[in-house]
>>> print(open('protein.pdb').read())   # PDB, C-alpha atoms, pLDDT in the B column
ATOM      1  CA  MET Y 297      79.558 -70.923 128.791  1.00 50.00           C
ATOM      2  CA  PRO Y 298      79.617 -68.387 131.642  1.00 57.00           C
ATOM      3  CA  HIS Y 299      80.372 -69.595 135.144  1.00 66.00           C
ATOM      4  CA  SER Y 300      77.128 -70.191 136.997  1.00 77.00           C
ATOM      5  CA  PRO Y 301      76.944 -69.491 140.732  1.00 75.00           C
ATOM      6  CA  ASP Y 302      75.342 -72.934 141.018  1.00 82.00           C
ATOM      7  CA  ALA Y 303      78.215 -74.688 139.203  1.00 88.00           C
ATOM      8  CA  PRO Y 304      79.853 -76.063 142.386  1.00 89.00           C
ATOM      9  CA  LEU Y 305      76.457 -77.186 143.699  1.00 90.00           C
ATOM     10  CA  ASP Y 306      75.594 -78.766 140.342  1.00 92.00           C
ATOM     11  CA  ARG Y 307      78.925 -80.587 140.456  1.00 91.00           C
ATOM     12  CA  LEU Y 308      78.138 -81.896 143.953  1.00 91.00           C
ATOM     13  CA  VAL Y 309      74.649 -83.042 142.896  1.00 91.00           C
ATOM     14  CA  ARG Y 310      76.113 -84.949 139.933  1.00 93.00           C
ATOM     15  CA  ALA Y 311      78.824 -86.499 142.114  1.00 91.00           C
ATOM     16  CA  VAL Y 312      76.442 -87.612 144.872  1.00 89.00           C
ATOM     17  CA  THR Y 313      73.985 -88.985 142.322  1.00 89.00           C
ATOM     18  CA  SER Y 314      76.735 -90.881 140.515  1.00 89.00           C
ATOM     19  CA  LEU Y 315      78.154 -92.259 143.753  1.00 87.00           C
ATOM     20  CA  SER Y 316      74.735 -93.373 144.947  1.00 85.00           C
ATOM     21  CA  TYR Y 317      74.101 -95.089 141.622  1.00 83.00           C
ATOM     22  CA  ALA Y 318      77.510 -96.767 141.586  1.00 83.00           C
ATOM     23  CA  LEU Y 319      77.280 -98.043 145.160  1.00 79.00           C
ATOM     24  CA  GLY Y 320      73.762 -99.297 144.515  1.00 76.00           C
ATOM     25  CA  ARG Y 321      74.766-101.318 141.475  1.00 77.00           C
ATOM     26  CA  SER Y 322      74.315-105.038 141.921  1.00 77.00           C
ATOM     27  CA  ARG Y 323      77.797-105.910 140.657  1.00 82.00           C
ATOM     28  CA  VAL Y 324      79.488-103.525 143.090  1.00 80.00           C
ATOM     29  CA  HIS Y 325      77.448-104.938 145.955  1.00 80.00           C
ATOM     30  CA  GLU Y 326      78.140-108.541 144.930  1.00 84.00           C
ATOM     31  CA  GLU Y 327      81.884-107.914 144.685  1.00 83.00           C
ATOM     32  CA  LEU Y 328      81.960-106.183 148.077  1.00 80.00           C
ATOM     33  CA  THR Y 329      79.999-108.887 149.873  1.00 82.00           C
ATOM     34  CA  ALA Y 330      81.968-111.655 148.159  1.00 83.00           C
ATOM     35  CA  SER Y 331      85.249-109.976 149.126  1.00 77.00           C
ATOM     36  CA  VAL Y 332      84.249-110.103 152.789  1.00 73.00           C
ATOM     37  CA  GLY Y 333      82.669-113.564 152.550  1.00 78.00           C
ATOM     38  CA  VAL Y 334      79.000-112.757 153.168  1.00 78.00           C
ATOM     39  CA  THR Y 335      75.784-112.971 151.191  1.00 80.00           C
ATOM     40  CA  VAL Y 336      73.440-110.177 152.225  1.00 86.00           C
ATOM     41  CA  GLU Y 337      71.190-108.039 150.025  1.00 87.00           C
ATOM     42  CA  ARG Y 338      71.767-104.256 149.922  1.00 86.00           C
ATOM     43  CA  PRO Y 339      68.568-103.353 151.813  1.00 88.00           C
ATOM     44  CA  GLU Y 340      69.406-105.941 154.456  1.00 91.00           C
ATOM     45  CA  ILE Y 341      72.786-104.329 155.075  1.00 91.00           C
ATOM     46  CA  ALA Y 342      71.069-101.003 155.696  1.00 92.00           C
ATOM     47  CA  LEU Y 343      68.715-102.706 158.159  1.00 95.00           C
ATOM     48  CA  LEU Y 344      71.628-104.392 159.933  1.00 95.00           C
ATOM     49  CA  ARG Y 345      73.405-101.039 160.218  1.00 94.00           C
ATOM     50  CA  VAL Y 346      70.350 -99.416 161.827  1.00 95.00           C
ATOM     51  CA  LEU Y 347      70.082-102.213 164.386  1.00 97.00           C
ATOM     52  CA  TYR Y 348      73.836-102.264 165.018  1.00 96.00           C
ATOM     53  CA  ALA Y 349      73.942 -98.517 165.649  1.00 95.00           C
ATOM     54  CA  SER Y 350      71.062 -98.604 168.119  1.00 95.00           C
ATOM     55  CA  PRO Y 351      72.021 -98.945 171.790  1.00 94.00           C
ATOM     56  CA  GLU Y 352      68.776-100.832 172.419  1.00 94.00           C
ATOM     57  CA  PRO Y 353      66.538-103.230 170.459  1.00 95.00           C
ATOM     58  CA  LEU Y 354      64.094-101.557 168.067  1.00 95.00           C
ATOM     59  CA  ARG Y 355      60.542-102.199 166.927  1.00 93.00           C
ATOM     60  CA  VAL Y 356      59.930-102.891 163.236  1.00 93.00           C
ATOM     61  CA  THR Y 357      58.186 -99.522 162.939  1.00 91.00           C
ATOM     62  CA  ASP Y 358      61.249 -97.745 164.373  1.00 93.00           C
ATOM     63  CA  VAL Y 359      63.542 -99.472 161.883  1.00 94.00           C
ATOM     64  CA  ALA Y 360      61.180 -98.658 159.004  1.00 92.00           C
ATOM     65  CA  ALA Y 361      61.097 -94.989 160.016  1.00 89.00           C
ATOM     66  CA  ARG Y 362      64.894 -94.798 160.116  1.00 89.00           C
ATOM     67  CA  LEU Y 363      65.170 -96.467 156.707  1.00 89.00           C
ATOM     68  CA  LEU Y 364      62.371 -94.310 155.248  1.00 86.00           C
ATOM     69  CA  VAL Y 365      60.418 -97.404 154.160  1.00 90.00           C
ATOM     70  CA  ARG Y 366      57.153 -99.054 155.170  1.00 90.00           C
ATOM     71  CA  SER Y 367      57.031-101.700 157.899  1.00 90.00           C
ATOM     72  CA  PRO Y 368      56.161-104.668 155.605  1.00 91.00           C
ATOM     73  CA  HIS Y 369      59.505-104.195 153.801  1.00 90.00           C
ATOM     74  CA  VAL Y 370      61.340-104.460 157.110  1.00 94.00           C
ATOM     75  CA  THR Y 371      59.297-107.459 158.234  1.00 92.00           C
ATOM     76  CA  ARG Y 372      60.294-109.433 155.105  1.00 92.00           C
ATOM     77  CA  GLN Y 373      63.966-108.501 155.484  1.00 94.00           C
ATOM     78  CA  VAL Y 374      63.958-109.375 159.179  1.00 95.00           C
ATOM     79  CA  ALA Y 375      62.597-112.834 158.395  1.00 94.00           C
ATOM     80  CA  ARG Y 376      65.519-113.486 156.014  1.00 92.00           C
ATOM     81  CA  LEU Y 377      68.097-112.021 158.394  1.00 95.00           C
ATOM     82  CA  GLU Y 378      66.707-113.959 161.329  1.00 95.00           C
ATOM     83  CA  ALA Y 379      66.841-117.206 159.320  1.00 93.00           C
ATOM     84  CA  ALA Y 380      70.491-116.400 158.488  1.00 91.00           C
ATOM     85  CA  GLY Y 381      71.296-115.880 162.172  1.00 93.00           C
ATOM     86  CA  LEU Y 382      72.046-112.164 161.755  1.00 94.00           C
ATOM     87  CA  VAL Y 383      69.079-110.691 163.624  1.00 97.00           C
ATOM     88  CA  ARG Y 384      67.338-111.675 166.846  1.00 96.00           C
ATOM     89  CA  ARG Y 385      63.619-111.032 167.379  1.00 93.00           C
ATOM     90  CA  VAL Y 386      62.137-111.127 170.888  1.00 90.00           C
ATOM     91  CA  SER Y 387      58.741-110.205 172.311  1.00 86.00           C
ATOM     92  CA  ASP Y 388      58.508-106.799 173.928  1.00 81.00           C
ATOM     93  CA  ALA Y 389      58.027-107.317 177.670  1.00 82.00           C
ATOM     94  CA  LEU Y 390      55.668-104.305 177.788  1.00 82.00           C
ATOM     95  CA  ASP Y 391      53.606-105.204 174.702  1.00 80.00           C
ATOM     96  CA  HIS Y 392      53.586-108.883 173.757  1.00 78.00           C
ATOM     97  CA  ARG Y 393      52.071-108.051 170.342  1.00 82.00           C
ATOM     98  CA  THR Y 394      55.274-106.229 169.422  1.00 85.00           C
ATOM     99  CA  HIS Y 395      58.698-107.673 168.693  1.00 88.00           C
ATOM    100  CA  LEU Y 396      62.032-106.019 169.375  1.00 94.00           C
ATOM    101  CA  LEU Y 397      64.919-106.496 166.971  1.00 96.00           C
ATOM    102  CA  SER Y 398      68.653-106.526 167.507  1.00 96.00           C
ATOM    103  CA  THR Y 399      71.698-107.838 165.696  1.00 96.00           C
ATOM    104  CA  THR Y 400      73.332-111.070 166.741  1.00 96.00           C
ATOM    105  CA  ALA Y 401      77.087-111.308 167.245  1.00 96.00           C
ATOM    106  CA  HIS Y 402      77.280-112.775 163.730  1.00 93.00           C
ATOM    107  CA  GLY Y 403      75.208-109.866 162.366  1.00 94.00           C
ATOM    108  CA  ARG Y 404      77.595-107.368 163.937  1.00 94.00           C
ATOM    109  CA  GLN Y 405      80.563-109.237 162.428  1.00 92.00           C
ATOM    110  CA  VAL Y 406      78.948-109.038 158.985  1.00 91.00           C
ATOM    111  CA  VAL Y 407      78.458-105.266 159.302  1.00 92.00           C
ATOM    112  CA  ASP Y 408      82.037-104.856 160.545  1.00 92.00           C
ATOM    113  CA  ARG Y 409      83.430-106.845 157.591  1.00 90.00           C
ATOM    114  CA  ILE Y 410      81.350-104.970 155.023  1.00 89.00           C
ATOM    115  CA  ASP Y 411      82.330-101.630 156.539  1.00 89.00           C
ATOM    116  CA  GLN Y 412      86.001-102.672 156.504  1.00 89.00           C
ATOM    117  CA  GLY Y 413      85.648-103.539 152.829  1.00 87.00           C
ATOM    118  CA  MET Y 414      84.184-100.089 152.165  1.00 87.00           C
ATOM    119  CA  ARG Y 415      86.973 -98.406 154.161  1.00 91.00           C
ATOM    120  CA  ASP Y 416      89.592-100.337 152.173  1.00 90.00           C
ATOM    121  CA  THR Y 417      87.986 -99.273 148.889  1.00 87.00           C
ATOM    122  CA  PHE Y 418      87.644 -95.639 149.938  1.00 90.00           C
ATOM    123  CA  ARG Y 419      91.161 -95.574 151.401  1.00 93.00           C
ATOM    124  CA  ALA Y 420      92.654 -96.768 148.103  1.00 93.00           C
ATOM    125  CA  THR Y 421      90.711 -94.141 146.150  1.00 92.00           C
ATOM    126  CA  LEU Y 422      91.197 -91.251 148.556  1.00 95.00           C
ATOM    127  CA  GLN Y 423      94.732 -91.955 149.766  1.00 95.00           C
ATOM    128  CA  ASP Y 424      96.004 -88.526 148.707  1.00 96.00           C
ATOM    129  CA  MET Y 425      93.376 -86.603 150.697  1.00 96.00           C
ATOM    130  CA  THR Y 426      94.169 -85.157 154.114  1.00 96.00           C
ATOM    131  CA  ASP Y 427      92.181 -86.006 157.231  1.00 95.00           C
ATOM    132  CA  GLY Y 428      90.749 -82.476 157.088  1.00 96.00           C
ATOM    133  CA  GLN Y 429      89.550 -82.945 153.523  1.00 96.00           C
ATOM    134  CA  LEU Y 430      87.972 -86.284 154.441  1.00 95.00           C
ATOM    135  CA  ALA Y 431      86.279 -84.675 157.463  1.00 95.00           C
ATOM    136  CA  ASP Y 432      84.911 -81.875 155.244  1.00 95.00           C
ATOM    137  CA  ALA Y 433      83.577 -84.421 152.738  1.00 93.00           C
ATOM    138  CA  ALA Y 434      82.012 -86.439 155.565  1.00 93.00           C
ATOM    139  CA  GLU Y 435      80.326 -83.325 156.930  1.00 95.00           C
ATOM    140  CA  VAL Y 436      78.743 -82.599 153.552  1.00 93.00           C
ATOM    141  CA  MET Y 437      77.472 -86.176 153.228  1.00 90.00           C
ATOM    142  CA  GLU Y 438      76.179 -86.209 156.821  1.00 91.00           C
ATOM    143  CA  ARG Y 439      74.249 -82.975 156.261  1.00 92.00           C
ATOM    144  CA  LEU Y 440      72.712 -84.323 153.059  1.00 90.00           C
ATOM    145  CA  ALA Y 441      71.778 -87.616 154.741  1.00 85.00           C
ATOM    146  CA  ALA Y 442      70.264 -85.864 157.775  1.00 87.00           C
ATOM    147  CA  ASP Y 443      68.238 -83.541 155.554  1.00 88.00           C
ATOM    148  CA  ALA Y 444      66.946 -86.449 153.478  1.00 82.00           C
ATOM    149  CA  ALA Y 445      65.954 -88.342 156.621  1.00 78.00           C
ATOM    150  CA  ALA Y 446      64.139 -85.317 158.062  1.00 82.00           C
ATOM    151  CA  ARG Y 447      62.511 -84.372 154.767  1.00 80.00           C
ATOM    152  CA  TYR Y 448      61.149 -87.813 153.947  1.00 75.00           C
ATOM    153  CA  GLU Y 449      60.395 -89.114 157.425  1.00 69.00           C
ATOM    154  CA  GLU Y 450      56.815 -90.271 157.747  1.00 59.00           C
ATOM    155  CA  PRO Y 451      54.786 -88.339 160.299  1.00 55.00           C
ATOM    156  CA  PRO Y 452      53.565 -90.362 163.269  1.00 51.00           C
ATOM    157  CA  PRO Y 453      50.069 -91.791 162.820  1.00 50.00           C
ATOM    158  CA  ALA Y 454      47.274 -89.492 163.867  1.00 49.00           C
ATOM    159  CA  ALA Y 455      45.624 -90.195 167.184  1.00 47.00           C
ATOM    160  CA  PRO Y 456      42.185 -91.770 166.867  1.00 47.00           C
ATOM    161  CA  PRO Y 457      39.342 -89.285 167.220  1.00 48.00           C
ATOM    162  CA  ALA Y 458      37.920 -88.848 170.707  1.00 47.00           C
ATOM    163  CA  ARG Y 459      34.686 -90.743 171.359  1.00 46.00           C
ATOM    164  CA  GLY Y 460      31.519 -89.292 172.773  1.00 48.00           C
ATOM    165  CA  GLY Y 461      31.637 -86.602 175.377  1.00 45.00           C
ATOM    166  CA  HIS Y 462      34.319 -88.137 177.644  1.00 43.00           C
TER     167      HIS Y 462
END
>>> encode(input="protein.pdb", output="structure tokens")
Amino acid sequence: MPHSPDAPLDRLVRAVTSLSYALGRSRVHEELTASVGVTVERPEIALLRVLYASPEPLRVTDVAARLLVRSPHVTRQVARLEAAGLVRRVSDALDHRTHLLSTTAHGRQVVDRIDQGMRDTFRATLQDMTDGQLADAAEVMERLAADAAARYEEPPPAAPPARGGH
């Protein structure tokens, strides 16, 4: 078979797809969370990471936009995380109909422990790679993640039509 100019790109697509599938597998997730002593569903970890990374509390709609999901998904996850003491929900001082979300100290500890478990796993697998190679790999993944976020981000809702002649 002749060498295709897309062969390296095809290899990357297969690798990213396989990695995404492997990390999303229930058994992998269960082993990781058990190894760090927490019980949190995969989507809830992603939500915790969004809140943890934000310098200020976020509205449900902001979290949903960052996760590329609809708000009702976030609302259900927040209820579970709040009951587990991982997320705090407070009324927005400017709009009492809206709630702002942030992680609790325990929620931040959970994210830290899960991330440490991932670092330990990656470190063991990638121990022969240089810092430069790891940085190059991270740059590729960051570009793919940023493109996916931009490509699939929901547009803001349209403004309501103007009324009458005002």
>>> closest_residue(input="protein.pdb", among="Y:Leu440, Y:Ala434, Y:Val359, Y:Val336", to="Gly403 in chain Y", atoms="only C-alpha atoms")
Y:Val336
>>> residues_around(input="protein.pdb", residues="Leu397 in chain Y", least_positions_apart="4", cutoff="10 Å", atoms="all atoms listed in the file", output="VMD selection string")
chain Y and resid 344 347 352 to 356 358 to 359 374 378 383 to 388
>>> residues_around(input="protein.pdb", residues="Glu326 in chain Y", least_positions_apart="4", cutoff="9 Å", atoms="all atoms listed in the file", output="mmCIF file with C-alpha atoms, in the coordinates of the input")
data_model
loop_
_atom_site.group_PDB
_atom_site.id
_atom_site.type_symbol
_atom_site.label_atom_id
_atom_site.label_comp_id
_atom_site.auth_asym_id
_atom_site.auth_seq_id
_atom_site.Cartn_x
_atom_site.Cartn_y
_atom_site.Cartn_z
ATOM 1 C CA ARG Y 321 74.766 -101.318 141.475
ATOM 2 C CA SER Y 322 74.315 -105.038 141.921
ATOM 3 C CA ALA Y 330 81.968 -111.655 148.159
ATOM 4 C CA SER Y 331 85.249 -109.976 149.126
ATOM 5 C CA THR Y 335 75.784 -112.971 151.191
ATOM 6 C CA VAL Y 336 73.440 -110.177 152.225
ATOM 7 C CA GLU Y 337 71.190 -108.039 150.025
#
>>> atom_distance(input="protein.pdb", atom1="CA of Ala361 in chain Y", atom2="CA of Arg310 in chain Y")
27.0 Å
>>> residues_around(input="protein.pdb", residues="Gly413 in chain Y", least_positions_apart="2", cutoff="8 Å", atoms="only C-alpha atoms", output="CSV table (one decimal) with C-alpha atoms, in the coordinates of the input")
chain,number,residue,atom,x,y,z
Y,328,LEU,CA,82.0,-106.2,148.1
Y,331,SER,CA,85.2,-110.0,149.1
Y,332,VAL,CA,84.2,-110.1,152.8
Y,409,ARG,CA,83.4,-106.8,157.6
Y,410,ILE,CA,81.4,-105.0,155.0
Y,411,ASP,CA,82.3,-101.6,156.5
Y,415,ARG,CA,87.0,-98.4,154.2
Y,416,ASP,CA,89.6,-100.3,152.2
Y,417,THR,CA,88.0,-99.3,148.9
>>> axis_aligned_box(input="protein.pdb", around="range 435-438 of chain Y", padding_each_side="8 Å", output="AutoDock Vina command-line options")
--center_x 78.3 --center_y -84.4 --center_z 155.1 --size_x 20.1 --size_y 19.6 --size_z 19.7
>>> atom_distance(input="protein.pdb", atom1="CA of Gln423 in chain Y", atom2="CA of Arg307 in chain Y")
21.6 Å
>>> atom_distance(input="protein.pdb", atom1="CA of Val365 in chain Y", atom2="CA of Arg345 in chain Y")
14.8 Å
>>> closest_residue(input="protein.pdb", among="Y:Arg338, Y:Ala311, Y:Arg404, Y:Pro368", to="Arg323 in chain Y", atoms="all atoms listed in the file")
Y:Arg338
>>> residues_around(input="protein.pdb", residues="Thr357 in chain Y", least_positions_apart="4", cutoff="9 Å", atoms="all atoms listed in the file", output="ChimeraX atom specification")
/Y:361-362,366-367,370
>>> closest_residue(input="protein.pdb", among="Y:Asp408, Y:Asp306, Y:Glu438, Y:Asp391", to="Val334 in chain Y", atoms="all atoms listed in the file")
Y:Asp408
